[in-house]
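Have a look at the structure below, then the notes.
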4 protein chains.
Amino acid sequence: MYKTAILGAAGYAGIELLRVLKRHRQIEVTVITSDTFKNKKLHEVYPEFRGYYDLSFETADIDQILNRCEVAFLALPAEASMTSAEKFVKAGKIVVDLSGAFRLKERELYKTWYKLDHRSPDLLKTAVYGLPELFREEISASRFVSNPGCYPTGILLGLAPVVERKLISLSPVIIDAKSGISGKGRKADVSSLFCELNENMYPYKAGTHQHTPEIEQMVCRIGKVKKAEIVFVPQVVPLDRGILANMYCTLEKDPDIAELAELFREFYQNEPFVRVLEPGVTPQVKAVARTNFCDIGLAKIGRTLVIMTAIDNMVKGAAGQAIQNFNIMTGIPEEEGLK
Amino acid sequence: MYKTAILGAAGYAGIELLRVLKRHRQIEVTVITSDTFKNKKLHEVYPEFRGYYDLSFETADIDQILNRCEVAFLALPAEASMTSAEKFVKAGKIVVDLSGAFRLKERELYKTWYKLDHRSPDLLKTAVYGLPELFREEISASRFVSNPGCYPTGILLGLAPVVERKLISLSPVIIDAKSGISGKGRKADVSSLFCELNENMYPYKAGTHQHTPEIEQMVCRIGKVKKAEIVFVPQVVPLDRGILANMYCTLEKDPDIAELAELFREFYQNEPFVRVLEPGVTPQVKAVARTNFCDIGLAKIGRTLVIMTAIDNMVKGAAGQAIQNFNIMTGIPEEEGLK
Amino acid sequence: MYKTAILGAAGYAGIELLRVLKRHRQIEVTVITSDTFKNKKLHEVYPEFRGYYDLSFETADIDQILNRCEVAFLALPAEASMTSAEKFVKAGKIVVDLSGAFRLKERELYKTWYKLDHRSPDLLKTAVYGLPELFREEISASRFVSNPGCYPTGILLGLAPVVERKLISLSPVIIDAKSGISGKGRKADVSSLFCELNENMYPYKAGTHQHTPEIEQMVCRIGKVKKAEIVFVPQVVPLDRGILANMYCTLEKDPDIAELAELFREFYQNEPFVRVLEPGVTPQVKAVARTNFCDIGLAKIGRTLVIMTAIDNMVKGAAGQAIQNFNIMTGIPEEEGLK
Amino acid sequence: MYKTAILGAAGYAGIELLRVLKRHRQIEVTVITSDTFKNKKLHEVYPEFRGYYDLSFETADIDQILNRCEVAFLALPAEASMTSAEKFVKAGKIVVDLSGAFRLKERELYKTWYKLDHRSPDLLKTAVYGLPELFREEISASRFVSNPGCYPTGILLGLAPVVERKLISLSPVIIDAKSGISGKGRKADVSSLFCELNENMYPYKAGTHQHTPEIEQMVCRIGKVKKAEIVFVPQVVPLDRGILANMYCTLEKDPDIAELAELFREFYQNEPFVRVLEPGVTPQVKAVARTNFCDIGLAKIGRTLVIMTAIDNMVKGAAGQAIQNFNIMTGIPEEEGLK
């Protein structure tokens, strides 16, 4: 049993960790932090946990926490992670950071896209990008993993096979993604109120979303190229959870859809959490909700390949993938707690 | 007062006509048809109309109806419209057909995309495509208008300025659209049940939706070109009404976003139902719900122009636009009943 | 045209006033206030109003506002109304207060139920309770109306016929009500976030809701009795708007359901905004959404009469009723702007 | 491993069984039936099961099924269960019937409330009512359990402590319940379409719902009385799953709320699936969603005790409770697969 701390446990990603960990047989949650709910019992804030955990929130005093855990999941805002991660990493703990704080390799990008001056730039090299389907070996050799963003997870899993094989043009790749509301986090913000979002949908941060450079960086790495042009438009849709991402790719050659489908099936043939659908079948958010799956559908329209992926943004896009990474880092079977 | 028949009045588009017409001062609804609800009072089926209309549904026996109306709105399935429209047109009635039956000019396309052998091919030439912002003159000179599809309405209004000015490549234009559930119609179909769609979203008919040739035909006409390649992927999202469409266009030259915004503002400067938003502002479905507006937002990402439009699929995408067309055909002020 | 100020115009009730007033032919909105959005254009905050109003929010400096309006709708929190109302009333303006600040006649009740020390206790006598179906004459003679609470509106309209005729026991009357989320207001509160309420429902303030003494006071007045025992349990359900209230009443005698239905029909026969449904037909929130109607359904189970009412909490339960009151106060036809 | 058949596996209750059974370590599903989807793979109809089960639907030919299962869960309409159950029971299989077919003891009641002439009246005596918290011993001695209705489950768990202790009047007990849409089943019915129910809510079958005699029968049995008067009004609310039931009970004496809460805590102290909340805390549907819990909240208003319960209608109200019953019948730990 790994003693485990969850920092930022009262946010949606933190809570999802607790939800998934109810079934994990090798993790014992020993610390949960939340400044807002300090000293409150978990089930007073989230009644669904009544009878599952006997835990109270505490403030994130890391020196106090260090000797009570071997593992730390950081479900904090990027700025808070930048400072908190360092102490856990230096103390040799197993760390999975769920924020964006350690996903980008170039410090300068944090100024541009996160409006933050990075406080632990040295750790940017140490952190391993935790997308298991592509970087499993690195993850298994690491003790500090940066969990991918919710949007990049589904997008990169969709793009990887054709980017790696250099089948598509990268100037540009057009990505239209739709996310459930939990992606906005559990902040008291008027724009996240029920009546603002119910019966509504809209694009936001078109071309300016902070996941853009993350997608670009990883596409370059997967395709072993210097430059990729990412046109990324996210939108908000009125459901709790789920991301649907459509990637519109210009094919360099003209393979038929059956060949393309076969390529995807092969690429992911041993992956427990990727399901490649038959051509003509499209992915549905409801089919992946509350699971760690990424479903991939394909359509070819003229010379455009449309890759459609669905994930649960809170599971494969956050807590589930974090646990998948933890399992890999510790040699526990990868599906533990996740199937 | 124009005596008016609504055929297929119990479907969502028919009902929306009745909703909008409550406020129209020059239309008197005299006939509503529905085979399913024959002889039932309108308010027994739709309690919201209690106190507004004293009408009962009857079967669509057109010979019986002809002499009781001067105007007919056909809110029927395409196949039914193909046969019904002819009688009204021949009798000299003012006709607005809301189905797809008369939108395409080439008879052959109906076989491919609608799986129908067209029964009134001669009328395909007669029917005027009822997108007022682009074809107002033709509409005003006509007595038989084919109302545009819900998807094409927002898509064509978004594309028209740059297609007409030849600012973008047409090979291809990538269109990612999301629709509320009312677009599926009021059919007893398991796939339209609340529990199948709530907390769900998914793409469907990627590249095979019957609105594709309609968009293609009209883009060609607007751009005065022979060929346009349309990559069209619609998806279903869990809300009642609203369509959000994103058009991803490769700019032929490199105008800045301010110039592009100015172009759109000029293009629609006299239009009562098109609102061009400032760059950086994105359209919201909630802002156009229950209105006849089309809101247009713009973003430029590299050389890709993203045109984002929002309409209410039941109003500007169906009933509202039908009434706008009727107003134009009869010389009634265009906004009557709609603002 | 009455020059009109709306105080608290950026809250849900204020916005609903603006929505309904788009169609009112005798009101010109000249002032809208909001501290949060001071100096912002209305359509920047609520894009749906683009093209309808050319107004900017200002702070609620009443001395500045007094000479720019003849009418004031106060859509403020109760505490703010307590101080603001006085100035408008003293200046002889027509005032409709939408808060709870002037609904209760006994000052002491404000301490118990609103946790407020009332700042304008003298006005409690002046304010007329604005439920037009029951107090139309008083309203028409008044210049200061206190608009009923959203819950009490539907509940009192349901109870009035049998309370007035003394057909039911008042010890107790059991009331189970369900409200859409807009009733929670437009406050940045975690408990009002989409993900907290979507796919959720729960009772709250069982027996302690501040509308309880309002219902009790008015039942006593309608029934001309000293005491009534109200068991009131409200709950939150995941939709934007609408209140469904069930009143479980013990019948003193044993009239059959047809007699009871007839009583209700007679009681409301001249009312433009009350629709009594046939026995066996139950009211639906969707049938009254965005209207000023109250629909009433009846069932008799043993000796228990179940009175079921549906209203739109933002229209008949707030903005619509406020305008109905205004119309009555000024002698404008009661349905102006509302049908 | 128990070989298990699920009849009616494509309906919502059947699917929920498959969902819950993914985690049950002693059940192997060997047969799933559905006339509609005969020969289709499970994951073609419900893509969420891709990778979990390798099963195809077959028609419900019971003679064909009998020797391929030791256990049968019947998730069929009542009429179908009436005939199917008998063969399984006679063959000595372990049977849990999820329909209403065997819940009532008196054959005559089926005519009145289900409009059905019961085809296996002899089995009415054999069937054990499967509410484990009240009838665990009987269930453990039985091989044929009739699973309680979704409404009665939460209602009876709420009422049992005070009915057994004779603390409340039974003439009448007022019950106001609200259910998510999955309770309507997976039938192609216009009244179950997304656009009919989204943003809507309404009471239905007030006083005439078929669960009324079930509640009455069991209240009589629990209270050891001959007669109880049940006033039961269900309503539909727009969410997938969850039932909230409020029971308004007239207390015979005047215990304080703390005593009442203590009574409930004691009554359920050893129950793994009942959580009694502190007075002042109300149950939430979201806290029990996808769990087998029943949460109970209490309020006292004058002499009225309000008992509020929340369950997931598909789990504790159907599939979860069925599996709980199965576990008890076979001596498997009661929580297996359910926590």
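Letters A, B, ... mark the chains of the structure tokens in the order given; residue numbers begin at 1 per chain; ligand numbers begin at 1, in order shown.
Omitting region 36-48 of chain C and its sequence neighbours fewer than 5 positions away, and counting only C-alpha atoms, the residues within 7 Å are B:Ala287, B:Val288, C:Leu55, C:Ser56, C:Phe57, C:Glu58, C:Thr59.
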Output file for the residues above (N, CA, C and O atoms, as a PDB file, in the first residue's frame):
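Dumped to result-v4.pdb:
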```
ATOM      1  N   ALA B 287     -27.292  33.457 -26.831  1.00  0.00           N
ATOM      2  CA  ALA B 287     -27.565  34.830 -27.249  1.00  0.00           C
ATOM      3  C   ALA B 287     -28.491  34.899 -28.462  1.00  0.00           C
ATOM      4  O   ALA B 287     -29.078  35.938 -28.740  1.00  0.00           O
ATOM      5  N   VAL B 288     -28.614  33.796 -29.189  1.00  0.00           N
ATOM      6  CA  VAL B 288     -29.503  33.804 -30.364  1.00  0.00           C
ATOM      7  C   VAL B 288     -30.726  32.907 -30.168  1.00  0.00           C
ATOM      8  O   VAL B 288     -31.613  32.881 -31.023  1.00  0.00           O
TER       9      VAL B 288
ATOM     10  N   LEU C  55     -27.855  50.737 -24.011  1.00  0.00           N
ATOM     11  CA  LEU C  55     -27.766  51.137 -22.603  1.00  0.00           C
ATOM     12  C   LEU C  55     -26.452  50.646 -22.008  1.00  0.00           C
ATOM     13  O   LEU C  55     -25.936  49.609 -22.398  1.00  0.00           O
ATOM     14  N   SER C  56     -25.952  51.426 -21.042  1.00  0.00           N
ATOM     15  CA  SER C  56     -24.794  50.968 -20.269  1.00  0.00           C
ATOM     16  C   SER C  56     -25.183  50.894 -18.797  1.00  0.00           C
ATOM     17  O   SER C  56     -25.996  51.694 -18.322  1.00  0.00           O
ATOM     18  N   PHE C  57     -24.585  49.960 -18.103  1.00  0.00           N
ATOM     19  CA  PHE C  57     -24.841  49.867 -16.668  1.00  0.00           C
ATOM     20  C   PHE C  57     -24.216  51.055 -15.946  1.00  0.00           C
ATOM     21  O   PHE C  57     -23.150  51.525 -16.325  1.00  0.00           O
ATOM     22  N   GLU C  58     -24.889  51.501 -14.898  1.00  0.00           N
ATOM     23  CA  GLU C  58     -24.308  52.521 -14.037  1.00  0.00           C
ATOM     24  C   GLU C  58     -24.494  52.084 -12.586  1.00  0.00           C
ATOM     25  O   GLU C  58     -25.220  51.145 -12.289  1.00  0.00           O
ATOM     26  N   THR C  59     -23.785  52.760 -11.667  1.00  0.00           N
ATOM     27  CA  THR C  59     -23.984  52.402 -10.255  1.00  0.00           C
ATOM     28  C   THR C  59     -25.310  52.970  -9.777  1.00  0.00           C
ATOM     29  O   THR C  59     -25.830  53.927 -10.344  1.00  0.00           O
TER      30      THR C  59
END
```
Excluding Thr304 (chain C) and its own-chain neighbours fewer than 5 positions away, which residues fall within 9 Å of it when counting only C-alpha atoms? Please give them as a list in words. Tyr248, Cys249, Thr250, Leu251 and Ala299 of chain C; Pro172, Ile174 and Val231 of chain D
Residues of chain D within 9 Å of chain C, only C-alpha atoms counted, as a ChimeraX atom specification: /D:172,174,176,180,196-208,229-233,237-244,246,248,280-287,289,299-304,306,308,310
Atoms kept (N, CA and C atoms) for selection, written as a compact mmCIF listing (two decimals), in the first residue's frame:
```txt
# COMPACT_ATOMS: atom_id res chain seq x y z
N PRO D 172 -53.61 9.92 6.02
CA PRO D 172 -52.77 9.23 5.04
C PRO D 172 -51.29 9.49 5.30
N ILE D 174 -48.36 11.08 2.97
CA ILE D 174 -48.25 11.83 1.71
C ILE D 174 -46.85 11.67 1.16
N ASP D 176 -44.35 12.59 -2.09
CA ASP D 176 -44.08 13.36 -3.30
C ASP D 176 -42.71 12.91 -3.79
N GLY D 180 -35.62 10.61 -12.20
CA GLY D 180 -34.90 10.83 -13.45
C GLY D 180 -35.55 10.05 -14.58
N GLU D 196 -38.69 16.81 -25.33
CA GLU D 196 -39.94 16.85 -24.57
C GLU D 196 -39.67 16.97 -23.08
N LEU D 197 -38.51 16.51 -22.65
CA LEU D 197 -38.24 16.39 -21.21
C LEU D 197 -37.19 17.37 -20.72
N ASN D 198 -36.24 17.68 -21.58
CA ASN D 198 -35.23 18.67 -21.21
C ASN D 198 -35.94 19.99 -20.90
N GLU D 199 -35.50 20.66 -19.85
CA GLU D 199 -36.12 21.92 -19.45
C GLU D 199 -37.61 21.77 -19.15
N ASN D 200 -38.00 20.59 -18.74
CA ASN D 200 -39.39 20.34 -18.39
C ASN D 200 -39.46 19.57 -17.08
N MET D 201 -40.56 19.62 -16.40
CA MET D 201 -40.86 18.67 -15.33
C MET D 201 -42.37 18.71 -15.11
N TYR D 202 -42.91 17.60 -14.65
CA TYR D 202 -44.36 17.54 -14.44
C TYR D 202 -44.73 16.32 -13.60
N PRO D 203 -45.82 16.44 -12.86
CA PRO D 203 -46.36 15.26 -12.17
C PRO D 203 -47.10 14.39 -13.19
N TYR D 204 -47.20 13.11 -12.89
CA TYR D 204 -47.96 12.21 -13.76
C TYR D 204 -48.60 11.13 -12.90
N LYS D 205 -49.64 10.53 -13.39
CA LYS D 205 -50.33 9.44 -12.67
C LYS D 205 -50.53 9.76 -11.19
N ALA D 206 -50.95 10.98 -10.89
CA ALA D 206 -51.16 11.36 -9.49
C ALA D 206 -52.27 10.50 -8.89
N GLY D 207 -51.90 9.66 -7.95
CA GLY D 207 -52.88 8.78 -7.31
C GLY D 207 -53.19 7.51 -8.07
N THR D 208 -52.61 7.37 -9.26
CA THR D 208 -52.94 6.19 -10.06
C THR D 208 -51.71 5.39 -10.47
N GLU D 229 -53.22 4.41 4.07
CA GLU D 229 -53.69 5.24 2.96
C GLU D 229 -52.49 5.97 2.37
N ILE D 230 -52.21 5.66 1.14
CA ILE D 230 -51.02 6.22 0.50
C ILE D 230 -51.43 7.26 -0.54
N VAL D 231 -51.00 8.49 -0.35
CA VAL D 231 -51.19 9.54 -1.36
C VAL D 231 -49.86 9.69 -2.07
N PHE D 232 -49.79 9.18 -3.30
CA PHE D 232 -48.49 9.10 -3.98
C PHE D 232 -48.53 9.87 -5.29
N VAL D 233 -47.70 10.91 -5.39
CA VAL D 233 -47.61 11.70 -6.62
C VAL D 233 -46.18 11.69 -7.14
N VAL D 237 -38.34 14.51 -13.76
CA VAL D 237 -37.42 15.65 -13.81
C VAL D 237 -36.27 15.35 -14.78
N PRO D 238 -35.69 16.41 -15.34
CA PRO D 238 -34.75 16.20 -16.45
C PRO D 238 -33.34 15.83 -16.01
N LEU D 239 -33.17 14.63 -15.55
CA LEU D 239 -31.83 14.09 -15.35
C LEU D 239 -31.90 12.60 -15.64
N ASP D 240 -30.75 12.00 -15.87
CA ASP D 240 -30.71 10.59 -16.27
C ASP D 240 -31.23 9.67 -15.17
N ARG D 241 -30.68 9.83 -13.98
CA ARG D 241 -30.91 8.84 -12.94
C ARG D 241 -31.05 9.49 -11.57
N GLY D 242 -31.79 8.81 -10.71
CA GLY D 242 -31.97 9.33 -9.37
C GLY D 242 -33.43 9.51 -9.03
N ILE D 243 -33.79 9.14 -7.80
CA ILE D 243 -35.13 9.41 -7.29
C ILE D 243 -34.99 10.10 -5.95
N LEU D 244 -35.73 11.18 -5.82
CA LEU D 244 -35.82 11.88 -4.55
C LEU D 244 -37.26 11.71 -4.09
N ASN D 246 -40.00 12.49 -0.92
CA ASN D 246 -40.31 13.14 0.36
C ASN D 246 -41.58 12.52 0.94
N TYR D 248 -44.29 12.92 3.88
CA TYR D 248 -44.81 13.86 4.87
C TYR D 248 -45.70 13.08 5.82
N GLY D 280 -30.78 18.50 9.34
CA GLY D 280 -30.30 19.72 8.70
C GLY D 280 -29.57 19.45 7.40
N VAL D 281 -29.10 18.22 7.23
CA VAL D 281 -28.46 17.84 5.97
C VAL D 281 -29.50 17.13 5.11
N THR D 282 -29.63 17.55 3.87
CA THR D 282 -30.63 16.93 3.00
C THR D 282 -29.94 16.03 1.98
N PRO D 283 -30.61 14.96 1.57
CA PRO D 283 -29.99 14.04 0.62
C PRO D 283 -29.92 14.64 -0.77
N GLN D 284 -28.88 14.28 -1.51
CA GLN D 284 -28.68 14.76 -2.87
C GLN D 284 -28.62 13.57 -3.82
N VAL D 285 -29.24 13.71 -4.94
CA VAL D 285 -29.20 12.64 -5.92
C VAL D 285 -27.78 12.38 -6.40
N LYS D 286 -27.00 13.45 -6.56
CA LYS D 286 -25.64 13.27 -7.08
C LYS D 286 -24.77 12.45 -6.13
N ALA D 287 -25.09 12.49 -4.85
CA ALA D 287 -24.28 11.74 -3.87
C ALA D 287 -24.54 10.24 -3.91
N ALA D 289 -25.70 8.76 -6.96
CA ALA D 289 -25.69 8.34 -8.36
C ALA D 289 -24.65 7.26 -8.59
N ALA D 299 -36.45 16.12 8.61
CA ALA D 299 -36.77 17.45 9.12
C ALA D 299 -38.10 17.35 9.85
N LYS D 300 -38.24 18.15 10.87
CA LYS D 300 -39.52 18.17 11.59
C LYS D 300 -40.07 19.58 11.51
N ILE D 301 -41.30 19.68 10.99
CA ILE D 301 -41.92 20.99 10.83
C ILE D 301 -43.27 20.90 11.54
N GLY D 302 -43.37 21.54 12.69
CA GLY D 302 -44.57 21.37 13.51
C GLY D 302 -44.69 19.90 13.88
N ARG D 303 -45.86 19.34 13.64
CA ARG D 303 -46.05 17.92 13.94
C ARG D 303 -45.81 17.03 12.72
N THR D 304 -45.32 17.65 11.67
CA THR D 304 -45.06 16.87 10.46
C THR D 304 -43.59 16.45 10.40
N VAL D 306 -40.81 15.17 8.02
CA VAL D 306 -40.50 15.03 6.60
C VAL D 306 -39.29 14.11 6.47
N MET D 308 -36.82 12.43 3.85
CA MET D 308 -36.37 12.64 2.46
C MET D 308 -35.35 11.58 2.11
N ALA D 310 -32.93 9.66 -1.04
CA ALA D 310 -32.38 9.71 -2.40
C ALA D 310 -31.75 8.36 -2.73
```
Which of region 85-218 of chain B fall in helix (DSSP H, G or I), as a ChimeraX atom specification: /B:85-90,107-114,123-126,132-140,150-164,181-184,190-192,194-197,212-218
If we count only C-alpha atoms and set the cut-off at 10 Å, which residues sit around Val20 (chain C), ignoring sequence neighbours fewer than 5 positions away in its own chain? Please answer as a list of chain:residue names.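 The residues satisfying every condition are C:Ile15, C:Arg290, C:Thr291, C:Val315, C:Ala319, C:Gly320, C:Ile323, C:Gly337, C:Leu338, C:Lys339.
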Any chance you could export the current selection's N, CA, C and O atoms as a PDB file, in the first residue's frame?
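Writing the result to out_28.pdb gives the following:
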```
ATOM      1  N   ILE C  15     -32.527  41.072 -15.781  1.00  0.00           N
ATOM      2  CA  ILE C  15     -32.373  40.726 -17.199  1.00  0.00           C
ATOM      3  C   ILE C  15     -33.703  40.260 -17.781  1.00  0.00           C
ATOM      4  O   ILE C  15     -34.044  40.583 -18.923  1.00  0.00           O
ATOM      5  N   ARG C 290     -41.284  30.932 -20.196  1.00  0.00           N
ATOM      6  CA  ARG C 290     -41.233  32.217 -20.915  1.00  0.00           C
ATOM      7  C   ARG C 290     -42.602  32.851 -21.094  1.00  0.00           C
ATOM      8  O   ARG C 290     -42.781  33.681 -21.967  1.00  0.00           O
ATOM      9  N   THR C 291     -43.576  32.446 -20.284  1.00  0.00           N
ATOM     10  CA  THR C 291     -44.890  33.078 -20.325  1.00  0.00           C
ATOM     11  C   THR C 291     -45.249  33.565 -18.927  1.00  0.00           C
ATOM     12  O   THR C 291     -44.613  33.193 -17.946  1.00  0.00           O
ATOM     13  N   VAL C 315     -40.789  34.754 -14.896  1.00  0.00           N
ATOM     14  CA  VAL C 315     -41.826  35.590 -15.525  1.00  0.00           C
ATOM     15  C   VAL C 315     -42.967  35.789 -14.519  1.00  0.00           C
ATOM     16  O   VAL C 315     -42.960  36.764 -13.773  1.00  0.00           O
ATOM     17  N   ALA C 319     -40.371  38.892 -13.141  1.00  0.00           N
ATOM     18  CA  ALA C 319     -40.426  40.046 -14.050  1.00  0.00           C
ATOM     19  C   ALA C 319     -41.788  40.233 -14.703  1.00  0.00           C
ATOM     20  O   ALA C 319     -42.282  41.360 -14.821  1.00  0.00           O
ATOM     21  N   GLY C 320     -42.398  39.145 -15.141  1.00  0.00           N
ATOM     22  CA  GLY C 320     -43.700  39.266 -15.813  1.00  0.00           C
ATOM     23  C   GLY C 320     -44.759  39.813 -14.877  1.00  0.00           C
ATOM     24  O   GLY C 320     -45.512  40.724 -15.219  1.00  0.00           O
ATOM     25  N   ILE C 323     -44.395  43.475 -14.282  1.00  0.00           N
ATOM     26  CA  ILE C 323     -44.923  44.293 -15.379  1.00  0.00           C
ATOM     27  C   ILE C 323     -46.448  44.253 -15.368  1.00  0.00           C
ATOM     28  O   ILE C 323     -47.105  45.268 -15.613  1.00  0.00           O
ATOM     29  N   GLY C 337     -47.364  43.626 -23.384  1.00  0.00           N
ATOM     30  CA  GLY C 337     -45.999  43.134 -23.247  1.00  0.00           C
ATOM     31  C   GLY C 337     -45.911  41.698 -22.770  1.00  0.00           C
ATOM     32  O   GLY C 337     -44.827  41.120 -22.734  1.00  0.00           O
ATOM     33  N   LEU C 338     -47.051  41.120 -22.418  1.00  0.00           N
ATOM     34  CA  LEU C 338     -47.015  39.826 -21.733  1.00  0.00           C
ATOM     35  C   LEU C 338     -47.645  38.681 -22.528  1.00  0.00           C
ATOM     36  O   LEU C 338     -47.620  37.538 -22.089  1.00  0.00           O
ATOM     37  N   LYS C 339     -48.226  38.979 -23.684  1.00  0.00           N
ATOM     38  CA  LYS C 339     -48.856  37.876 -24.421  1.00  0.00           C
ATOM     39  C   LYS C 339     -48.434  37.838 -25.872  1.00  0.00           C
ATOM     40  O   LYS C 339     -47.867  38.768 -26.391  1.00  0.00           O
TER      41      LYS C 339
END
```
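Taking only C-alpha atoms, the non-local environment of His24 (chain B) within 12 Å (same-chain residues fewer than 6 positions away omitted) comprises B:Met1, B:Tyr2, B:Thr4, B:Leu17, B:Leu18, B:Gly320, B:Ile323, B:Gln324, B:Phe326, B:Asn327, B:Ile332, B:Pro333, B:Glu334, B:Glu335, B:Glu336, B:Gly337, B:Leu338, B:Lys339.
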For Arg103 (chain D), work out the shell of residues within 10 Å, counting only C-alpha atoms and skipping chain neighbours fewer than 5 positions away, then give it as a ChimeraX atom specification. /D:97-98,110,124-125,127-130,145-149,211,213-214,217-218
Emit the selected residues as a CSV table (one decimal), in the first residue's frame, including C-alpha atoms.
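So selection.csv came out as:
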```csv
chain,number,residue,atom,x,y,z
D,97,ASP,CA,-37.4,-10.6,-11.3
D,98,LEU,CA,-37.0,-6.8,-11.7
D,110,TYR,CA,-52.9,-6.7,-11.2
D,124,LEU,CA,-47.2,-14.7,-6.2
D,125,LYS,CA,-46.9,-16.6,-2.9
D,127,ALA,CA,-41.9,-14.8,-4.6
D,128,VAL,CA,-40.0,-13.0,-1.8
D,129,TYR,CA,-40.1,-9.2,-1.7
D,130,GLY,CA,-36.4,-8.3,-2.2
D,145,VAL,CA,-37.0,-12.9,-5.4
D,146,SER,CA,-39.2,-10.1,-6.7
D,147,ASN,CA,-37.1,-6.9,-6.8
D,148,PRO,CA,-38.9,-3.9,-5.4
D,149,GLY,CA,-40.0,-1.0,-7.6
D,211,HIS,CA,-46.4,1.5,-7.4
D,213,PRO,CA,-50.5,-0.7,-4.1
D,214,GLU,CA,-47.0,-2.0,-3.6
D,217,GLN,CA,-49.1,-3.5,0.9
D,218,MET,CA,-45.6,-3.2,2.3
```
Could you tell me how far CA of Gln321 (chain D) sits from CA of Ile65 (chain D), in Å to one decimal place?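 Atom-to-atom, CA of Ile65 (chain D) and CA of Gln321 (chain D) are spaced 23.6 Å apart.
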Contacts of Met82 (chain B) at 7 Å or less, counting only C-alpha atoms, minus same-chain residues fewer than 3 places along, as a VMD selection string? chain B and resid 78 to 79 85 101 118 to 120
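Taking CA of Tyr53 (chain C) and CA of Tyr268 (chain B) as the two end points, the separation is 19.4 Å.
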List the neighbours of Glu271 (chain A) out to 10 Å using only C-alpha atoms; skip same-chain residues closer than 3 positions along the sequence, and give me the result as a PyMOL selection string. chain A and resi 132-133+265-268+274-275+293
